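work_16.txt follows; it contains compact mmCIF, C-alpha atoms.
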# COMPACT_ATOMS: atom_id res chain seq x y z
CA MET Z 14 34.90 30.34 125.53
CA ILE Z 15 37.45 32.64 123.92
CA ARG Z 16 41.05 32.25 125.08
CA TYR Z 17 41.81 35.96 125.23
CA ILE Z 18 45.47 35.64 126.18
CA GLU Z 19 46.22 33.58 123.06
CA ARG Z 20 43.97 35.76 120.91
CA THR Z 21 45.70 38.95 122.07
CA LYS Z 22 49.17 37.54 121.49
CA ALA Z 23 48.34 36.59 117.91
CA TYR Z 24 46.67 39.94 117.23
CA TYR Z 25 49.62 42.04 118.34
CA ARG Z 26 52.11 39.77 116.59
CA ALA Z 27 50.10 40.45 113.42
CA GLN Z 28 50.60 44.16 114.12
CA GLY Z 29 54.36 43.67 114.06
CA PHE Z 30 55.06 43.63 117.79
CA ASP Z 31 57.76 41.09 118.49
CA GLN Z 32 57.34 40.85 122.26
CA ASP Z 33 54.16 39.32 123.67
CA TYR Z 34 52.28 41.17 126.37
CA GLN Z 35 52.86 39.58 129.75
CA TRP Z 36 49.53 39.19 131.51
CA ALA Z 37 49.57 39.27 135.28
CA THR Z 38 50.21 35.85 136.80
CA ASN Z 39 49.63 35.07 140.46
CA THR Z 40 49.44 31.74 142.22
CA GLN Z 41 48.46 33.01 145.68
CA THR Z 42 45.14 34.84 146.02
CA PRO Z 43 44.21 37.07 148.98
CA PHE Z 44 40.70 36.54 150.30
CA SER Z 45 38.47 38.33 152.79
CA LYS Z 46 35.00 37.33 153.86
CA PRO Z 47 32.45 40.15 154.06
CA ALA Z 48 32.77 41.99 157.35
CA ARG Z 49 29.02 42.57 157.65
CA PRO Z 50 25.76 41.00 156.48
CA LEU Z 51 24.51 42.37 153.16
CA LYS Z 52 21.66 44.24 154.84
CA SER Z 53 24.12 46.44 156.70
CA ALA Z 54 27.09 46.38 154.29
CA ARG Z 55 28.43 49.37 152.38
CA ILE Z 56 29.13 48.66 148.72
CA THR Z 57 30.96 50.34 145.85
CA LEU Z 58 31.76 49.88 142.16
CA VAL Z 59 35.13 49.88 140.38
CA THR Z 60 35.28 50.41 136.61
CA THR Z 61 37.78 50.66 133.77
CA ALA Z 62 35.44 52.94 131.81
CA VAL Z 63 36.77 56.48 131.55
CA VAL Z 64 35.24 59.47 133.35
CA GLU Z 65 37.68 62.14 132.12
CA PRO Z 66 38.72 61.48 128.52
CA SER Z 67 40.36 64.93 128.49
CA ILE Z 68 43.23 63.39 130.48
CA PRO Z 69 45.56 61.81 127.86
CA LYS Z 70 45.53 58.01 128.02
CA PRO Z 71 49.27 57.60 128.71
CA ILE Z 72 48.98 59.57 131.95
CA ARG Z 73 45.52 58.43 133.07
CA ALA Z 74 45.72 57.10 136.63
CA ALA Z 75 43.29 55.67 139.16
CA LYS Z 76 40.85 58.20 140.54
CA SER Z 77 37.78 58.18 142.77
CA TYR Z 78 34.60 60.13 142.04
CA ARG Z 79 31.44 60.82 143.98
CA PHE Z 80 28.49 58.74 142.87
CA SER Z 81 26.54 61.99 142.63
CA ASP Z 82 28.93 63.00 139.79
CA VAL Z 83 28.61 59.78 137.80
CA PRO Z 84 28.44 60.50 134.05
CA ALA Z 85 25.36 59.43 132.11
CA HIS Z 86 27.78 57.71 129.75
CA PHE Z 87 31.39 56.87 130.40
CA ASP Z 88 33.93 57.22 127.60
CA THR Z 89 34.91 53.78 126.34
CA THR Z 90 36.50 54.67 122.99
CA GLU Z 91 40.04 54.00 124.19
CA VAL Z 92 39.21 50.83 126.11
CA SER Z 93 39.58 47.45 124.40
CA TRP Z 94 36.26 45.65 123.90
CA ASP Z 95 34.39 44.01 121.05
CA LYS Z 96 33.51 47.06 118.95
CA ILE Z 97 32.38 44.91 116.04
CA THR Z 98 29.71 42.96 117.89
CA THR Z 99 28.35 45.23 120.57
CA HIS Z 100 28.17 48.78 121.94
CA THR Z 101 28.39 50.53 125.31
CA ASN Z 102 25.38 52.82 124.96
CA ASP Z 103 23.71 51.20 127.96
CA ARG Z 104 25.65 52.17 131.09
CA GLU Z 105 23.96 49.44 133.13
CA SER Z 106 25.62 46.80 130.96
CA TYR Z 107 29.01 47.64 132.51
CA PHE Z 108 28.20 49.90 135.51
CA PRO Z 109 24.97 48.63 137.15
CA LEU Z 110 24.37 51.62 139.40
CA HIS Z 111 20.64 51.80 138.81
CA ALA Z 112 20.22 48.12 139.70
CA LEU Z 113 22.40 48.56 142.77
CA ASN Z 114 20.47 51.63 143.92
CA LYS Z 115 17.23 49.70 143.65
CA ARG Z 116 18.61 46.99 145.93
CA VAL Z 117 19.78 49.62 148.42
CA ALA Z 118 16.38 51.36 148.33
CA ALA Z 119 14.66 48.02 148.91
CA GLY Z 120 16.75 47.52 152.04
CA ASP Z 121 18.59 44.45 150.67
CA ILE Z 122 21.97 46.24 150.87
CA GLY Z 123 23.01 48.52 153.72
CA SER Z 124 24.26 51.51 151.75
CA LEU Z 125 26.07 52.77 148.69
CA ALA Z 126 29.52 54.21 149.42
CA PRO Z 127 30.00 57.91 148.67
CA ARG Z 128 32.54 57.23 145.89
CA PHE Z 129 33.08 54.88 142.97
CA HIS Z 130 36.50 54.22 141.49
CA PHE Z 131 38.17 54.30 138.09
CA ILE Z 132 41.21 52.16 137.35
CA PRO Z 133 42.73 52.47 133.87
CA THR Z 134 43.46 49.42 131.78
CA GLU Z 135 47.21 49.84 131.92
CA TYR Z 136 49.95 48.32 129.81
CA SER Z 137 52.20 48.49 132.87
CA GLN Z 138 51.42 45.96 135.60
CA ARG Z 139 53.66 48.01 137.88
CA HIS Z 140 51.39 51.07 137.63
CA THR Z 141 48.30 49.02 138.45
CA ARG Z 142 49.90 46.97 141.22
CA ASP Z 143 52.01 49.65 142.93
CA GLN Z 144 50.04 52.85 142.28
CA ASP Z 145 46.42 52.42 141.14
CA ALA Z 146 45.29 49.43 143.20
CA PRO Z 147 46.72 50.68 146.54
CA LEU Z 148 45.16 54.13 145.98
CA ILE Z 149 41.70 52.64 145.41
CA ALA Z 150 42.11 50.34 148.42
CA GLN Z 151 43.01 53.35 150.56
CA HIS Z 152 39.97 55.30 149.34
CA CYS Z 153 37.69 52.35 150.02
CA LEU Z 154 39.03 52.10 153.57
CA GLU Z 155 38.44 55.84 154.04
CA ASP Z 156 34.85 55.32 152.88
CA ALA Z 157 34.37 52.33 155.23
CA VAL Z 158 33.53 50.07 152.27
CA ASP Z 159 32.70 46.42 153.04
CA LEU Z 160 32.06 45.11 149.52
CA ALA Z 161 33.40 46.05 146.09
CA ILE Z 162 32.14 44.93 142.69
CA LEU Z 163 34.81 45.36 140.04
CA ILE Z 164 33.76 45.37 136.41
CA PRO Z 165 36.53 45.54 133.82
CA LEU Z 166 35.22 46.16 130.31
CA MET M 5 45.07 43.30 140.66
CA ALA M 6 42.74 45.90 142.15
CA ALA M 7 40.61 43.14 143.65
CA ARG M 8 43.70 41.62 145.21
CA ALA M 9 44.67 44.93 146.86
CA LEU M 10 41.15 45.36 148.22
CA GLU M 11 41.03 41.82 149.62
CA SER M 12 44.39 42.39 151.29
CA ALA M 13 42.84 45.48 152.92
CA GLY M 14 39.99 43.34 154.31
CA ILE M 15 37.37 44.30 151.70
CA ALA M 16 35.47 41.45 150.02
CA THR M 17 35.40 41.71 146.23
CA VAL M 18 33.77 40.13 143.23
CA VAL M 19 34.80 40.72 139.63
CA ILE M 20 32.12 40.55 136.93
CA GLY M 21 33.93 39.80 133.70
CA SER M 22 33.96 38.12 130.31
CA ALA M 23 37.67 37.33 129.87
CA LEU M 24 37.89 34.35 132.18
CA ASP M 25 41.40 33.19 131.29
CA ILE M 26 42.89 36.62 132.04
CA LEU M 27 41.05 36.91 135.36
CA GLN M 28 42.00 33.42 136.49
CA GLN M 29 45.66 33.81 135.58
CA ALA M 30 45.80 37.07 137.55
CA GLY M 31 44.55 35.31 140.69
CA THR M 32 41.12 36.93 141.06
CA PRO M 33 39.41 36.15 144.38
CA ARG M 34 35.78 35.80 143.16
CA ILE M 35 34.60 35.82 139.55
CA VAL M 36 31.13 36.02 138.06
CA PHE M 37 31.70 35.02 134.45
CA ASN M 38 29.41 36.03 131.61
CA ASP M 39 30.55 34.46 128.35
CA LEU M 40 29.53 37.50 126.29
CA PRO M 41 31.45 39.78 123.91
CA LEU M 42 33.79 42.13 125.78
CA GLY M 43 32.06 45.40 126.61
CA ASN M 44 28.92 44.32 128.48
CA PRO M 45 30.07 42.06 131.32
CA VAL M 46 26.91 42.69 133.35
CA GLY M 47 24.61 41.61 130.52
CA LYS M 48 23.41 42.47 127.06
CA PRO M 49 22.64 46.17 126.50
CA PHE M 50 19.16 47.07 127.79
CA ASP M 51 18.48 43.49 128.93
CA ARG M 52 17.48 44.40 132.47
CA ALA M 53 16.55 40.83 133.41
CA MET M 54 20.00 39.52 132.48
CA GLN M 55 21.74 42.44 134.20
CA ASN M 56 19.73 41.97 137.41
CA GLN M 57 20.50 38.27 137.39
CA THR M 58 24.24 39.03 137.09
CA LEU M 59 24.16 41.52 139.97
CA GLU M 60 22.25 39.00 142.06
CA ALA M 61 24.86 36.32 141.33
CA ALA M 62 27.66 38.73 142.28
CA LEU M 63 26.04 39.59 145.61
CA GLU M 64 25.46 35.91 146.36
CA LEU M 65 29.02 34.94 145.50
CA LEU M 66 30.39 37.60 147.85
CA TYR M 67 28.79 35.73 150.73
CA GLN M 68 28.84 32.13 149.55
CA ALA M 69 32.48 31.80 148.47
CA GLN M 70 34.51 29.92 151.06
CA ASN M 71 37.84 29.97 149.24
CA PRO M 72 39.64 32.28 146.79
CA GLY M 73 39.54 31.60 143.07
CA VAL M 74 35.89 30.62 142.88
CA VAL M 75 34.12 31.11 139.53
CA GLN M 76 30.38 31.40 139.03
CA GLN M 77 29.60 30.97 135.32
CA LEU M 78 26.22 32.28 134.23
CA PRO M 79 24.30 30.54 131.44
CA ASN M 80 23.74 33.72 129.41
CA GLN M 81 24.27 33.67 125.65
CA TRP M 82 24.88 36.55 123.29
CA SER M 83 22.88 35.10 120.41
CA ALA M 84 22.00 31.86 118.71
CA SER M 85 24.91 32.45 116.36
CA GLU M 86 28.44 32.03 117.69
CA ASP M 87 30.02 34.11 114.89
CA TRP M 88 31.02 36.91 117.26
CA ARG M 89 33.67 34.65 118.75
CA ASP M 90 35.53 34.45 115.46
CA ASN M 91 35.17 38.13 114.61
CA PHE M 92 36.93 39.50 117.69
CA MET M 93 40.58 40.36 116.95
CA ALA M 94 40.29 38.32 113.79
CA ILE M 95 43.33 38.00 111.55
CA THR M 96 42.37 37.30 107.97
CA ALA M 97 43.93 37.45 104.52
CA PHE M 98 42.02 40.71 104.06
CA ASN M 99 43.22 42.64 107.10
CA ARG M 100 46.90 41.66 107.40
CA GLU M 101 48.13 44.86 105.76
CA GLN M 102 45.74 46.95 107.80
CA LEU M 103 46.92 45.34 111.06
CA LEU M 104 50.54 46.07 110.22
CA SER M 105 49.63 49.72 109.53
CA LEU M 106 47.79 49.85 112.85
CA GLY M 107 50.88 48.53 114.60
CA ASP M 108 53.10 51.10 112.86
CA GLU M 109 50.80 53.93 113.89
CA ASN M 110 50.70 52.57 117.45
CA ARG M 111 54.50 52.52 117.62
CA ARG M 112 54.75 56.07 116.22
CA GLN M 113 52.19 57.28 118.76
CA ARG M 114 54.13 55.72 121.64
CA GLN M 115 57.28 57.43 120.41
CA ARG M 116 55.47 60.80 120.22
CA ASN M 117 54.10 60.30 123.74
CA ARG M 118 57.58 59.64 125.08
CA GLU M 119 58.97 62.72 123.31
CA GLN M 120 56.18 64.88 124.76
CA GLY M 121 56.71 63.55 128.27
CA LEU M 122 53.33 61.81 128.24
CA PHE M 123 54.10 58.84 130.45
CA ARG M 124 53.54 57.85 134.06
CA PRO M 125 56.50 57.62 136.47

Give the structure from this file in C-alpha cells form.
Amino acid sequence: MIRYIERTKAYYRAQGFDQDYQWATNTQTPFSKPARPLKSARITLVTTAVVEPSIPKPIRAAKSYRFSDVPAHFDTTEVSWDKITTHTNDRESYFPLHALNKRVAAGDIGSLAPRFHFIPTEYSQRHTRDQDAPLIAQHCLEDAVDLAILIPL
Amino acid sequence: MAARALESAGIATVVIGSALDILQQAGTPRIVFNDLPLGNPVGKPFDRAMQNQTLEAALELLYQAQNPGVVQQLPNQWSASEDWRDNFMAITAFNREQLLSLGDENRRQRQRNREQGLFRP
C-alpha cells in the first residue's frame, strides 16, 4: 500500500516547497445509518472529476448537475492521479453511473437522485469544509437523497 | 470532508478510494478501498467485473457498517508487477532538476492567479 501523505510531502519538497501540505485530520467521525432499505432508497454520486473545465481551477467550486447532463467524459487533466500508469478514458472506472443505473432498473435500488455533485480537489481545507461540503449536503437534502457514493480520483 | 457533511445531515455515505491513509486521517465514515493506481478507484478501465464488484461492496457496506471508520479492502490487483507503486511521484537522480522547474512554474502561476484576482473568498 502506498503511503500517499508521505509520498506527497517528499514530492513537493523536491519541487522546492518548504511547507508541507496539511492533510485534513479528524478524530471524531459522524455516522448515519441508511434511512431506508436499498430497494426504496434514493442514491447519488459525488465526484472530483471536472464537468466544466472552462471555469479556471483556482475559482472552481462545488456544483450540482442533472444526471441527464452528465458528460460522456469528465475532464481530469487538472486532477492529481497516476498519469504514468493508467488513464481515465473509461468513465465507469471513476463514475459508475451505468452500473448504478442497471441496479436501479433491476429494482435493487429505489431510485437515482435527479442530480450528481462535483467537489473540487481543493488546496484549502476551509473551502471544502465551509463552502463545498455544506452546499452539496444541502442539495442532497433538497433531492431527498438517502445514500451517497463519493469517489475521489 | 464532503462525506462528513453528508453524514451530519443524516445521509449515509461510502467513499470508494485508493488513497487509504488520506481517507482514514480525514475521518471518513465508510471506505471501500481498492489498492489500485490513483485514477480508477472503482476498478481497472473497462474491467466491468471488477467495477461491478466494487459497486456491490459499496452498497453492502452502506448497510452493514455498524460504526464509523470501517474499511472494506477489496482483493483487486493492478497487475502482476508492482512497479507502478514506485513510479508514482517518483523522485530520481534524473528528474530532480525537472521537479524544481515544475515547482518554480507552479509558484509563478499562483502569483499570476493572485494578481488576476483568480482565487476563492

Find the nearest atom pair between each residue of chain M and chain Z for residues within 7 Å, count all atoms listed in the file, give distances in Å to one decimal, sort rows by chain and ascending number, and present the table as CSV.
residue,atom,partner,partner_atom,distance
M:Met5,CA,Z:Arg142,CA,6.1
M:Ala6,CA,Z:Ala146,CA,4.5
M:Arg8,CA,Z:Pro43,CA,5.9
M:Ala9,CA,Z:Ala146,CA,5.8
M:Leu10,CA,Z:Ala150,CA,5.1
M:Glu11,CA,Z:Phe44,CA,5.3
M:Ser12,CA,Z:Pro43,CA,5.8
M:Ala13,CA,Z:Ala150,CA,6.7
M:Gly14,CA,Z:Ser45,CA,5.5
M:Ile15,CA,Z:Asp159,CA,5.3
M:Ala16,CA,Z:Leu160,CA,5.0
M:Thr17,CA,Z:Ala161,CA,4.8
M:Val18,CA,Z:Ile162,CA,5.1
M:Val19,CA,Z:Leu163,CA,4.7
M:Ile20,CA,Z:Ile164,CA,5.1
M:Gly21,CA,Z:Ile164,CA,6.2
M:Ala23,CA,Z:Tyr17,CA,6.4
M:Asp25,CA,Z:Arg16,CA,6.3
M:Ile26,CA,Z:Ile18,CA,6.5
M:Gln29,CA,Z:Thr38,CA,5.1
M:Ala30,CA,Z:Thr38,CA,4.6
M:Gly31,CA,Z:Asn39,CA,5.1
M:Thr32,CA,Z:Thr42,CA,6.7
M:Pro33,CA,Z:Phe44,CA,6.1
M:Asp39,CA,Z:Met14,CA,6.6
M:Pro41,CA,Z:Asp95,CA,5.9
M:Leu42,CA,Z:Trp94,CA,4.7
M:Gly43,CA,Z:Leu166,CA,4.9
M:Asn44,CA,Z:Ser106,CA,4.8
M:Pro45,CA,Z:Tyr107,CA,5.8
M:Val46,CA,Z:Ser106,CA,4.9
M:Gly47,CA,Z:Ser106,CA,5.3
M:Lys48,CA,Z:Ser106,CA,6.2
M:Pro49,CA,Z:Asp103,CA,5.3
M:Phe50,CA,Z:Asp103,CA,6.1
M:Gln55,CA,Z:Ser106,CA,6.7
M:Asn56,CA,Z:Ala112,CA,6.6
M:Tyr67,CA,Z:Pro47,CA,6.6
M:Pro72,CA,Z:Phe44,CA,5.6
M:Trp88,CA,Z:Thr98,CA,6.2
M:Arg89,CA,Z:Ile15,CA,6.7
M:Phe92,CA,Z:Asp95,CA,6.2
M:Met93,CA,Z:Tyr24,CA,6.1
M:Ile95,CA,Z:Tyr24,CA,6.9
M:Arg100,CA,Z:Ala27,CA,6.9
M:Leu103,CA,Z:Gln28,CA,4.9
M:Leu104,CA,Z:Gln28,CA,4.3
M:Leu106,CA,Z:Gln28,CA,6.5
M:Gly107,CA,Z:Gln28,CA,4.4
M:Leu122,CA,Z:Pro71,CA,5.9
M:Phe123,CA,Z:Pro71,CA,5.3
M:Arg124,CA,Z:Ile72,CA,5.3

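Using all atoms listed in the file, the smallest distance between any of Z:Val64, Z:Asp156, Z:Pro127, Z:Tyr136 and Tyr34 in chain Z comes from Z:Tyr136.
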
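The space between CA of Ile35 in chain M and CA of Tyr78 in chain Z spans 24.4 Å.
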
(request) Mind checking which residues fall within 12 Å of Gln76 in chain M, counting all atoms listed in the file, ignoring those fewer than 5 positions away in the same chain, and posting them as a PyMOL selection string? (result) chain M and resi 18-22+24+33-39+58-66+68-69

(message) Nearest residue to Ser81 in chain Z out of Z:Ala119, Z:Arg139, Z:Val63, Z:Phe129, using only C-alpha atoms?
(response)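 Closest to Ser81 in chain Z of all the choices is Z:Phe129.
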
(message) If I take CA of Glu91 in chain Z and CA of Glu135 in chain Z, how far is one from the other in Å, to one decimal?
(response)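 Interatomic distance here is 11.3 Å.
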
(message) What does the structure give for the distance between CA of Asp88 in chain Z and CA of His130 in chain Z, in Å to one decimal?
(response)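 These two atoms are separated by 14.4 Å.
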
Kindly add all heavy atoms to the incomplete range 92-103 of chain M and provide the output as a CSV table (one decimal), in the coordinates of the input.
chain,number,residue,atom,x,y,z
M,92,PHE,N,36.1,38.7,116.8
M,92,PHE,CA,36.9,39.5,117.7
M,92,PHE,C,38.4,39.3,117.5
M,92,PHE,O,38.9,38.2,117.6
M,92,PHE,CB,36.6,39.2,119.2
M,92,PHE,CG,37.3,40.1,120.1
M,92,PHE,CD1,37.0,41.4,120.2
M,92,PHE,CD2,38.3,39.6,121.0
M,92,PHE,CE1,37.7,42.3,121.1
M,92,PHE,CE2,39.0,40.4,121.8
M,92,PHE,CZ,38.7,41.7,121.9
M,93,MET,N,39.1,40.4,117.2
M,93,MET,CA,40.6,40.4,117.0
M,93,MET,C,40.9,39.4,115.9
M,93,MET,O,41.9,38.7,115.9
M,93,MET,CB,41.4,40.0,118.2
M,93,MET,CG,41.4,41.2,119.2
M,93,MET,SD,42.6,40.9,120.6
M,93,MET,CE,42.6,42.5,121.3
M,94,ALA,N,40.1,39.3,114.9
M,94,ALA,CA,40.3,38.3,113.8
M,94,ALA,C,41.5,38.7,112.9
M,94,ALA,O,41.7,39.9,112.7
M,94,ALA,CB,39.0,38.2,112.9
M,95,ILE,N,42.2,37.8,112.5
M,95,ILE,CA,43.3,38.0,111.6
M,95,ILE,C,43.0,37.2,110.3
M,95,ILE,O,42.9,36.0,110.3
M,95,ILE,CB,44.7,37.5,112.1
M,95,ILE,CG1,44.9,38.2,113.5
M,95,ILE,CG2,45.8,37.8,111.1
M,95,ILE,CD1,46.0,37.5,114.3
M,96,THR,N,42.8,38.0,109.2
M,96,THR,CA,42.4,37.3,108.0
M,96,THR,C,43.3,37.7,106.8
M,96,THR,O,44.1,38.6,107.0
M,96,THR,CB,40.9,37.7,107.6
M,96,THR,OG1,41.0,39.1,107.2
M,96,THR,CG2,40.0,37.5,108.7
M,97,ALA,N,43.1,37.1,105.7
M,97,ALA,CA,43.9,37.4,104.5
M,97,ALA,C,43.6,38.9,104.1
M,97,ALA,O,44.5,39.6,103.5
M,97,ALA,CB,43.6,36.5,103.4
M,98,PHE,N,42.4,39.4,104.5
M,98,PHE,CA,42.0,40.7,104.1
M,98,PHE,C,42.5,41.8,105.0
M,98,PHE,O,42.5,43.0,104.5
M,98,PHE,CB,40.5,40.8,103.9
M,98,PHE,CG,39.9,39.7,103.0
M,98,PHE,CD1,39.3,38.6,103.6
M,98,PHE,CD2,40.1,39.8,101.7
M,98,PHE,CE1,38.8,37.6,102.7
M,98,PHE,CE2,39.6,38.9,100.8
M,98,PHE,CZ,39.0,37.7,101.3
M,99,ASN,N,42.8,41.5,106.2
M,99,ASN,CA,43.2,42.6,107.1
M,99,ASN,C,44.7,42.6,107.5
M,99,ASN,O,45.1,43.4,108.4
M,99,ASN,CB,42.3,42.7,108.3
M,99,ASN,CG,42.5,41.6,109.3
M,99,ASN,OD1,43.3,40.7,109.1
M,99,ASN,ND2,41.7,41.6,110.4
M,100,ARG,N,45.5,41.7,107.0
M,100,ARG,CA,46.9,41.7,107.4
M,100,ARG,C,47.6,43.0,107.2
M,100,ARG,O,48.3,43.5,108.1
M,100,ARG,CB,47.6,40.5,106.7
M,100,ARG,CG,47.3,39.2,107.3
M,100,ARG,CD,48.2,38.1,106.7
M,100,ARG,NE,47.8,36.8,107.3
M,100,ARG,CZ,48.2,36.4,108.5
M,100,ARG,NH1,49.0,37.1,109.2
M,100,ARG,NH2,47.8,35.2,108.9
M,101,GLU,N,47.5,43.6,106.0
M,101,GLU,CA,48.1,44.9,105.8
M,101,GLU,C,47.7,45.9,106.7
M,101,GLU,O,48.4,46.7,107.2
M,101,GLU,CB,47.8,45.3,104.3
M,101,GLU,CG,48.5,44.5,103.3
M,101,GLU,CD,50.1,44.6,103.4
M,101,GLU,OE1,50.6,45.7,103.6
M,101,GLU,OE2,50.7,43.5,103.3
M,102,GLN,N,46.3,45.9,106.9
M,102,GLN,CA,45.7,47.0,107.8
M,102,GLN,C,46.3,46.8,109.2
M,102,GLN,O,46.5,47.8,109.9
M,102,GLN,CB,44.2,46.8,107.8
M,102,GLN,CG,43.5,47.9,108.5
M,102,GLN,CD,42.0,47.5,108.8
M,102,GLN,OE1,41.6,46.4,108.4
M,102,GLN,NE2,41.3,48.4,109.4
M,103,LEU,N,46.4,45.6,109.7
M,103,LEU,CA,46.9,45.3,111.1
M,103,LEU,C,48.4,45.8,111.2
M,103,LEU,O,48.7,46.4,112.2
M,103,LEU,CB,46.8,43.9,111.4
M,103,LEU,CG,45.4,43.3,111.7
M,103,LEU,CD1,45.4,41.8,111.9
M,103,LEU,CD2,44.8,44.1,112.9
